[in-house]
Each structure stands twice: as structure tokens, then as C-alpha cells.
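Single-structure report; data block below.
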Amino acid sequence: MKKRQSWQARTVRLVLACMELSVLMGLTGCGDGQGAKAPAPAEPTAEQKVAQLEASGMLPKLDRLPTLEGVDANGDGVRDDIALHIEKKYADLAQRKAAMQEARSFQKMLLVNKNDSVALEDVSTVSFKAVKC
């Protein structure tokens, strides 16, 4: 439950930061008060916004591979970039284990064969256990 609140809190902070950025960008186009408006700065692209959020630490830096699987060199069921983010974010071992369990669950949900009812049931069970934890 605490993890979900933390995720929701981060989402709210991200939305507020985006709103603040939008307001600041809007104010910069107001001109000098003499009726002449300065040209509005170019709107950053989605890629630039993500890069800014990653640079600020609000978003983890993720591998931009063409597949969802990503790299899982140690075979623990979690993408290495996600595992690194979890290691940095959670100093407490119990929290880190819980976050890894939930990440493993999400990874399985993303990659499960949607036509395999046994695999879908397994993913459901793993997900339930991760949330219950």
C-alpha cells in the first residue's frame, strides 16, 4: 500500500512540475509590458521533456531499446535499468525486495503470452502476491 501511495505522490509531483513549467513558459511570452511581445520559445519535444525529467532525477534513466524486455543480464526477471533504479531509490532491504518483487510482476504482465491461459493465471498469482506483500 505504501508503494502505491509513493507512486501516486510521485505522479502528482510530476504533474505539478509539468503544470509549473507550462505556467512559466506561458509567462515568458507575455512581453515587456509595452505591448510588444517577445517571440515564444519553442515548445520542447516530448523527448526533450523526458530528458529534462531524467536529468533532474524525477524520472529514472531507462534504456531506450526497441523491445519491452530490455536487458536482464543477471536473469532476475527485472530489467537491469529498473533494478538499478530500485537499488538507488530504496536503501531499506525489505523495501528493495518488495519493489523488486513488484517490478518482476510488472515485467511478467508486460511479456505474458495473452493466448496462454496457464501463463495468464500464473501472472495473476504473481501479481497478487506482489501487491499483497
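To be explicit about the labels: the chains of the C-alpha cells are called A, B, and onward in the order shown, and within each one the residues are counted from 1, while ligands get numbers from 1 in the order they are shown.
Using only C-alpha atoms, the contacts of Ala119 of chain A at a cut-off of 10 Å, with sequence neighbours closer than 6 positions omitted, comprise Lys108, Met109, Val112, Asn113 and Thr125 of chain A.
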One decimal, in Å: what's the spacing between atom CA of Phe128 of chain A and atom CA of Lys97 of chain A? 15.5 Å
